[in-house]
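Following: one structure in structure tokens, then a few remarks.
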Amino acid sequence: MTDVIDTLVGIAPGSKLDAIRANRSEARKHAQASYTSLFEPRDPAGVTADERHAIAAFVSGLHGEPKTDAFYTAKLPAGLRAAVAAEVAAAKSKGPYGRFPKGPLSAEDAPGPTWKVSDANRKTLGARLPAAFEHTHMLVFHPRDAAAPALQSLLDAGWSTTDIVTVSQLVAFLSYQIRVVSGLSTLASTL
Amino acid sequence: MTEKTLTPSPHTEPVVFTRDMLDWLPWIEPMAEQDMTERHLASLVDASRVKSPYFRLLARDPDVLEARTRTDKDIFYNPEAGLPRAERELAAAATSRLNGCIYCASVHARFAATYSKRVDDVQRLLDEGVGAKLDERWDAIVAASVALTALPITFGPQHIERLRAVGLDDAAIADLIGAASFFNWANRLMLSLGEPATQG
């Protein structure tokens, strides 16, 4: 079984980083198991493979880490490629921004936009993905702006409570995996 | 029928970063304990987590919850070599401070303070934010966590050089990357599926 993080970072068996990762073998194994459970699930339940890959390509595009971006973009269904690329270009931002609860932390507020999918691509993305992409943008760039109405928007678009857990895990897991790939690639470049 | 989000019962929202114990109230329905199968229960890893609405909510997708939890435990609890536990927790607290997760920051600031015994420095990170001056080693760890958390990611060889200069070896740097990256996972779940509440 190929380890996605090892593959993307280019960690060769017997290398220094291979030995370092081997000292955290449970984390290595279960980071990969997280990937498998999200992208090759035993039971996809309410979230289709195409939806999973579309959201993943959007997340990796927003992060702009070249290796993960190429990996997830390659898994996109052909019919969604142009739309996802256009939405990534339009949605890309800097983070993390957002507001804090009203009080002393308000001095640190960094308000920013709530992003919406373009009308042009709404149709291509279908009934449910536009709401998921809008939620994803918030999770990626301004997660502290999260509030219950954002989840209601997902429910209204046809995602169930269980689907929301899966989609949230998918975006959150990728936020981890992309940073590990970026960080370990940088470390590898100094060894 | 379209499902509806939950309205948490009346509570006090924490408005500052704190080391106090907090509660967490979900915005969508966790599984009811009596509806959980063996698979759902096993995905909690620690049986006591069945009392936590957060883990009962995540148990709706048990395979990813179990993998998430086992990844988490090895990154933070594996005592073999690498970064001392206190500084893995510091990276988690700094990441949570920057992303704005008051709940996550409270848990990991408590751990960082307990394991390092540097209560005042940890509290300064919470009060002043990731720009707080702690000491050379902790500032390098916080700065690296910030660079990994920021988008675009700004973590580069200069961060690694700074970490080496304050005594981190390659295994410790890899641990730091794991801890800060993992909290970019955890913060997003905690922040977006419910809200913190003060206890009592």
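Naming scheme: A, B, ... for chains in displayed order of the structure tokens; residues 1 onward per chain; ligands 1 onward as shown.
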
Open item on the list: Neighbouring residues of Leu151 of chain A were defined as those with any atom within 12 Å, considering only C-alpha atoms; residues of the same chain fewer than 2 positions away were excluded. Please report them as a count of residues only.
Closed with: 39

- [ ] Residues of chain B no more than 7 Å from chain A, counting only C-alpha atoms: send them over as JSON, numbers by chain.
- [x] {"B": [2, 3, 4, 5, 15, 16, 27, 28, 58, 60, 61, 63, 64, 67, 68, 70, 71, 74, 75, 99, 100, 101, 148, 150, 151, 152, 155, 156, 157, 160, 171, 174, 177, 178, 181, 182, 184, 185, 188, 189, 191, 192]}

Could you dump the residues just selected with N, CA and C atoms as a short mmCIF file (atom, residue, chain, number, x, y, z; two decimals), in the first residue's frame?
data_model
loop_
_atom_site.label_atom_id
_atom_site.label_comp_id
_atom_site.auth_asym_id
_atom_site.auth_seq_id
_atom_site.Cartn_x
_atom_site.Cartn_y
_atom_site.Cartn_z
N THR B 2 -35.69 18.23 5.34
CA THR B 2 -34.39 18.85 5.62
C THR B 2 -34.15 18.90 7.12
N GLU B 3 -32.94 18.52 7.52
CA GLU B 3 -32.59 18.57 8.94
C GLU B 3 -32.33 20.02 9.36
N LYS B 4 -32.41 20.25 10.66
CA LYS B 4 -32.19 21.60 11.20
C LYS B 4 -31.01 21.57 12.17
N THR B 5 -30.29 22.68 12.21
CA THR B 5 -29.20 22.77 13.19
C THR B 5 -29.79 22.88 14.59
N VAL B 15 -14.93 34.79 25.88
CA VAL B 15 -14.56 35.85 24.93
C VAL B 15 -13.06 36.17 25.00
N VAL B 16 -12.33 35.38 25.77
CA VAL B 16 -10.86 35.50 25.79
C VAL B 16 -10.29 34.08 25.75
N TRP B 27 -23.56 22.04 17.05
CA TRP B 27 -24.59 22.69 16.22
C TRP B 27 -25.38 21.70 15.39
N ILE B 28 -24.88 20.49 15.26
CA ILE B 28 -25.65 19.43 14.61
C ILE B 28 -25.63 18.21 15.53
N LEU B 58 -18.58 13.09 15.69
CA LEU B 58 -17.61 12.61 14.71
C LEU B 58 -17.77 11.11 14.45
N ARG B 60 -20.21 9.61 13.61
CA ARG B 60 -21.07 9.37 12.44
C ARG B 60 -20.26 8.86 11.25
N ASP B 61 -18.96 9.24 11.18
CA ASP B 61 -18.06 8.65 10.17
C ASP B 61 -16.95 7.94 10.94
N ASP B 63 -14.78 5.41 10.56
CA ASP B 63 -13.44 5.04 10.08
C ASP B 63 -12.49 6.24 10.15
N VAL B 64 -12.97 7.40 9.72
CA VAL B 64 -12.09 8.56 9.74
C VAL B 64 -11.86 9.05 11.17
N ALA B 67 -9.13 6.78 12.69
CA ALA B 67 -7.81 7.07 12.11
C ALA B 67 -7.30 8.43 12.61
N ARG B 68 -8.20 9.41 12.69
CA ARG B 68 -7.85 10.74 13.22
C ARG B 68 -7.31 10.63 14.63
N ARG B 70 -6.09 8.00 16.30
CA ARG B 70 -4.82 7.28 16.45
C ARG B 70 -3.65 8.10 15.91
N THR B 71 -3.90 8.93 14.89
CA THR B 71 -2.86 9.86 14.40
C THR B 71 -2.53 10.87 15.51
N ASP B 74 -0.46 9.45 18.56
CA ASP B 74 0.96 9.18 18.32
C ASP B 74 1.75 10.49 18.19
N ILE B 75 1.14 11.49 17.55
CA ILE B 75 1.83 12.78 17.39
C ILE B 75 2.11 13.40 18.76
N ASN B 99 -5.45 30.39 14.66
CA ASN B 99 -6.70 30.11 13.94
C ASN B 99 -7.92 30.65 14.69
N GLY B 100 -7.78 30.82 15.99
CA GLY B 100 -8.88 31.39 16.78
C GLY B 100 -9.75 30.35 17.44
N CYS B 101 -9.19 29.16 17.72
CA CYS B 101 -9.98 28.12 18.38
C CYS B 101 -9.78 28.20 19.89
N LEU B 148 3.47 27.51 9.30
CA LEU B 148 2.79 26.33 8.74
C LEU B 148 1.28 26.53 8.67
N ALA B 150 -0.32 29.63 8.39
CA ALA B 150 -0.70 30.73 7.51
C ALA B 150 -0.98 30.22 6.10
N LEU B 151 -1.86 30.91 5.39
CA LEU B 151 -2.07 30.66 3.97
C LEU B 151 -1.80 31.94 3.19
N PRO B 152 -1.00 31.93 2.15
CA PRO B 152 -0.20 30.78 1.76
C PRO B 152 0.76 30.35 2.88
N PHE B 155 6.17 28.55 5.68
CA PHE B 155 7.23 27.76 6.32
C PHE B 155 8.35 27.48 5.31
N GLY B 156 9.58 27.83 5.68
CA GLY B 156 10.70 27.65 4.75
C GLY B 156 11.97 27.25 5.46
N PRO B 157 13.06 27.10 4.70
CA PRO B 157 14.34 26.69 5.29
C PRO B 157 14.80 27.60 6.43
N ILE B 160 13.53 26.29 9.66
CA ILE B 160 14.27 25.08 10.07
C ILE B 160 15.63 25.46 10.65
N ALA B 171 14.31 14.96 14.12
CA ALA B 171 13.12 14.27 14.63
C ALA B 171 12.21 15.26 15.38
N ALA B 174 10.41 17.35 12.83
CA ALA B 174 9.32 16.58 12.22
C ALA B 174 8.12 16.50 13.19
N ILE B 177 6.29 19.81 13.00
CA ILE B 177 5.49 19.86 11.76
C ILE B 177 4.20 19.04 11.96
N GLY B 178 4.32 17.86 12.59
CA GLY B 178 3.15 17.02 12.84
C GLY B 178 2.16 17.68 13.77
N SER B 181 0.56 20.91 12.15
CA SER B 181 -0.32 20.51 11.05
C SER B 181 -1.57 19.83 11.60
N PHE B 182 -1.39 18.99 12.61
CA PHE B 182 -2.56 18.29 13.16
C PHE B 182 -3.57 19.28 13.72
N ASN B 184 -4.22 22.15 12.61
CA ASN B 184 -5.00 22.72 11.52
C ASN B 184 -6.17 21.81 11.13
N TRP B 185 -6.05 20.56 11.46
CA TRP B 185 -7.16 19.60 11.31
C TRP B 185 -8.15 19.80 12.48
N ARG B 188 -10.28 23.10 12.83
CA ARG B 188 -11.36 23.28 11.86
C ARG B 188 -12.61 22.49 12.25
N LEU B 189 -12.43 21.33 12.86
CA LEU B 189 -13.60 20.57 13.31
C LEU B 189 -14.25 21.24 14.51
N LEU B 191 -14.03 24.34 15.57
CA LEU B 191 -14.58 25.67 15.29
C LEU B 191 -15.87 25.61 14.49
N SER B 192 -16.01 24.61 13.66
CA SER B 192 -17.09 24.68 12.67
C SER B 192 -18.29 23.79 12.96
#

Open item on the list: When you look at Lys75 of chain A with a cut-off of 12 Å (counting only C-alpha atoms), what residues show up, excluding the ones that are within fewer than 3 positions of it in the same chain? I need them as a PyMOL selection string.
Closed with: chain A and resi 39+49-58+60+68-72+78-81

Open item on the list: Residues of segment 9-48 of chain B classed as strand (DSSP E) by DSSP on the backbone are to be reported as number ranges by chain.
Closed with: B: 22-26

- [ ] Give me every alpha helix (DSSP H) residue in segment 1-199 of chain B, going by DSSP on the backbone, as a PyMOL selection string.
- [x] chain B and resi 38-43+53-58+62-77+85-99+102-116+119-128+136-149+157-165+170-193

Selected residues written out with C-alpha atoms, as a CSV table (one decimal), in the first residue's frame:
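What landed in again-v1.csv:
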chain,number,residue,atom,x,y,z
B,38,GLU,CA,-19.9,-1.8,18.0
B,39,ARG,CA,-18.1,0.0,15.1
B,40,HIS,CA,-19.2,3.4,16.3
B,41,LEU,CA,-18.1,2.7,19.8
B,42,ALA,CA,-14.7,1.3,18.7
B,43,SER,CA,-14.1,4.4,16.7
B,53,PRO,CA,-20.9,15.2,22.2
B,54,TYR,CA,-18.0,16.1,20.0
B,55,PHE,CA,-16.8,12.5,19.7
B,56,ARG,CA,-20.3,11.2,19.3
B,57,LEU,CA,-20.8,13.6,16.5
B,58,LEU,CA,-17.6,12.6,14.7
B,62,PRO,CA,-16.3,6.1,12.4
B,63,ASP,CA,-13.4,5.0,10.1
B,64,VAL,CA,-12.1,8.6,9.7
B,65,LEU,CA,-12.7,9.3,13.4
B,66,GLU,CA,-10.7,6.3,14.5
B,67,ALA,CA,-7.8,7.1,12.1
B,68,ARG,CA,-7.8,10.7,13.2
B,69,THR,CA,-7.7,9.8,16.9
B,70,ARG,CA,-4.8,7.3,16.5
B,71,THR,CA,-2.9,9.9,14.4
B,72,ASP,CA,-3.4,12.4,17.1
B,73,LYS,CA,-2.3,10.1,20.0
B,74,ASP,CA,1.0,9.2,18.3
B,75,ILE,CA,1.8,12.8,17.4
B,76,PHE,CA,1.3,14.0,20.9
B,77,TYR,CA,1.8,11.1,23.3
B,85,ARG,CA,5.7,16.8,25.0
B,86,ALA,CA,5.5,20.3,26.4
B,87,GLU,CA,6.6,21.8,23.1
B,88,ARG,CA,4.4,19.6,21.0
B,89,GLU,CA,1.6,21.1,23.1
B,90,LEU,CA,3.0,24.6,22.7
B,91,ALA,CA,2.8,24.1,18.9
B,92,ALA,CA,-0.8,23.0,19.2
B,93,ALA,CA,-1.7,26.0,21.5
B,94,ALA,CA,0.0,28.5,19.1
B,95,THR,CA,-1.7,27.1,16.1
B,96,SER,CA,-5.1,27.2,17.9
B,97,ARG,CA,-4.4,30.8,19.0
B,98,LEU,CA,-3.7,31.9,15.5
B,99,ASN,CA,-6.7,30.1,13.9
B,102,ILE,CA,-10.6,29.1,22.0
B,103,TYR,CA,-11.6,25.6,23.0
B,104,CYS,CA,-8.6,23.8,21.4
B,105,ALA,CA,-6.2,26.5,22.8
B,106,SER,CA,-7.6,26.0,26.3
B,107,VAL,CA,-6.9,22.3,26.3
B,108,HIS,CA,-3.4,22.4,24.9
B,109,ALA,CA,-2.4,25.5,26.8
B,110,ARG,CA,-3.2,23.6,30.0
B,111,PHE,CA,-1.1,20.7,28.8
B,112,ALA,CA,1.8,23.0,27.7
B,113,ALA,CA,1.7,24.7,31.1
B,114,THR,CA,1.5,21.4,33.0
B,115,TYR,CA,4.4,19.7,31.1
B,116,SER,CA,6.7,22.8,30.9
B,119,VAL,CA,2.5,28.8,33.3
B,120,ASP,CA,3.2,32.5,32.8
B,121,ASP,CA,4.8,32.1,29.4
B,122,VAL,CA,1.8,29.9,28.2
B,123,GLN,CA,-0.6,32.5,29.5
B,124,ARG,CA,1.3,35.3,27.7
B,125,LEU,CA,0.9,33.4,24.5
B,126,LEU,CA,-2.9,33.2,25.1
B,127,ASP,CA,-3.1,36.9,26.2
B,128,GLU,CA,-0.9,38.5,23.7
B,136,GLU,CA,14.4,32.1,21.9
B,137,ARG,CA,13.5,28.4,21.7
B,138,TRP,CA,9.7,28.9,22.3
B,139,ASP,CA,9.6,31.9,19.9
B,140,ALA,CA,11.2,29.7,17.2
B,141,ILE,CA,8.6,27.0,17.8
B,142,VAL,CA,5.7,29.4,17.8
B,143,ALA,CA,7.0,31.1,14.6
B,144,ALA,CA,7.3,27.8,12.8
B,145,SER,CA,3.8,26.8,13.8
B,146,VAL,CA,2.5,30.2,12.6
B,147,ALA,CA,4.3,29.8,9.2
B,148,LEU,CA,2.8,26.3,8.7
B,149,THR,CA,-0.7,27.6,9.6
B,157,PRO,CA,14.3,26.7,5.3
B,158,GLN,CA,14.8,29.8,7.4
B,159,HIS,CA,12.4,28.4,10.0
B,160,ILE,CA,14.3,25.1,10.1
B,161,GLU,CA,17.6,26.9,10.5
B,162,ARG,CA,16.1,28.8,13.4
B,163,LEU,CA,14.8,25.6,15.0
B,164,ARG,CA,18.2,24.0,14.7
B,165,ALA,CA,19.9,27.0,16.2
B,170,ASP,CA,15.5,16.6,12.7
B,171,ALA,CA,13.1,14.3,14.6
B,172,ALA,CA,12.0,17.2,16.8
B,173,ILE,CA,11.4,19.4,13.8
B,174,ALA,CA,9.3,16.6,12.2
B,175,ASP,CA,7.3,16.4,15.5
B,176,LEU,CA,6.7,20.1,15.4
B,177,ILE,CA,5.5,19.9,11.8
B,178,GLY,CA,3.2,17.0,12.8
B,179,ALA,CA,1.8,18.9,15.9
B,180,ALA,CA,1.1,22.2,14.1
B,181,SER,CA,-0.3,20.5,11.1
B,182,PHE,CA,-2.6,18.3,13.2
B,183,PHE,CA,-4.1,21.3,14.9
B,184,ASN,CA,-5.0,22.7,11.5
B,185,TRP,CA,-7.2,19.6,11.3
B,186,ALA,CA,-8.5,19.7,14.9
B,187,ASN,CA,-9.2,23.5,15.0
B,188,ARG,CA,-11.4,23.3,11.9
B,189,LEU,CA,-13.6,20.6,13.3
B,190,MET,CA,-13.9,22.2,16.7
B,191,LEU,CA,-14.6,25.7,15.3
B,192,SER,CA,-17.1,24.7,12.7
B,193,LEU,CA,-19.3,22.0,14.2

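Interatomic distance, atom CA of Gly10 of chain A to atom CA of Asn78 of chain B: 24.5 Å.
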
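Counting from atom CA of Gly82 of chain B, the distance to atom CA of Val9 of chain A is 19.9 Å.
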
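Here atom CA of Lys67 of chain A is placed at a distance of 25.5 Å from atom CA of Asp169 of chain B.
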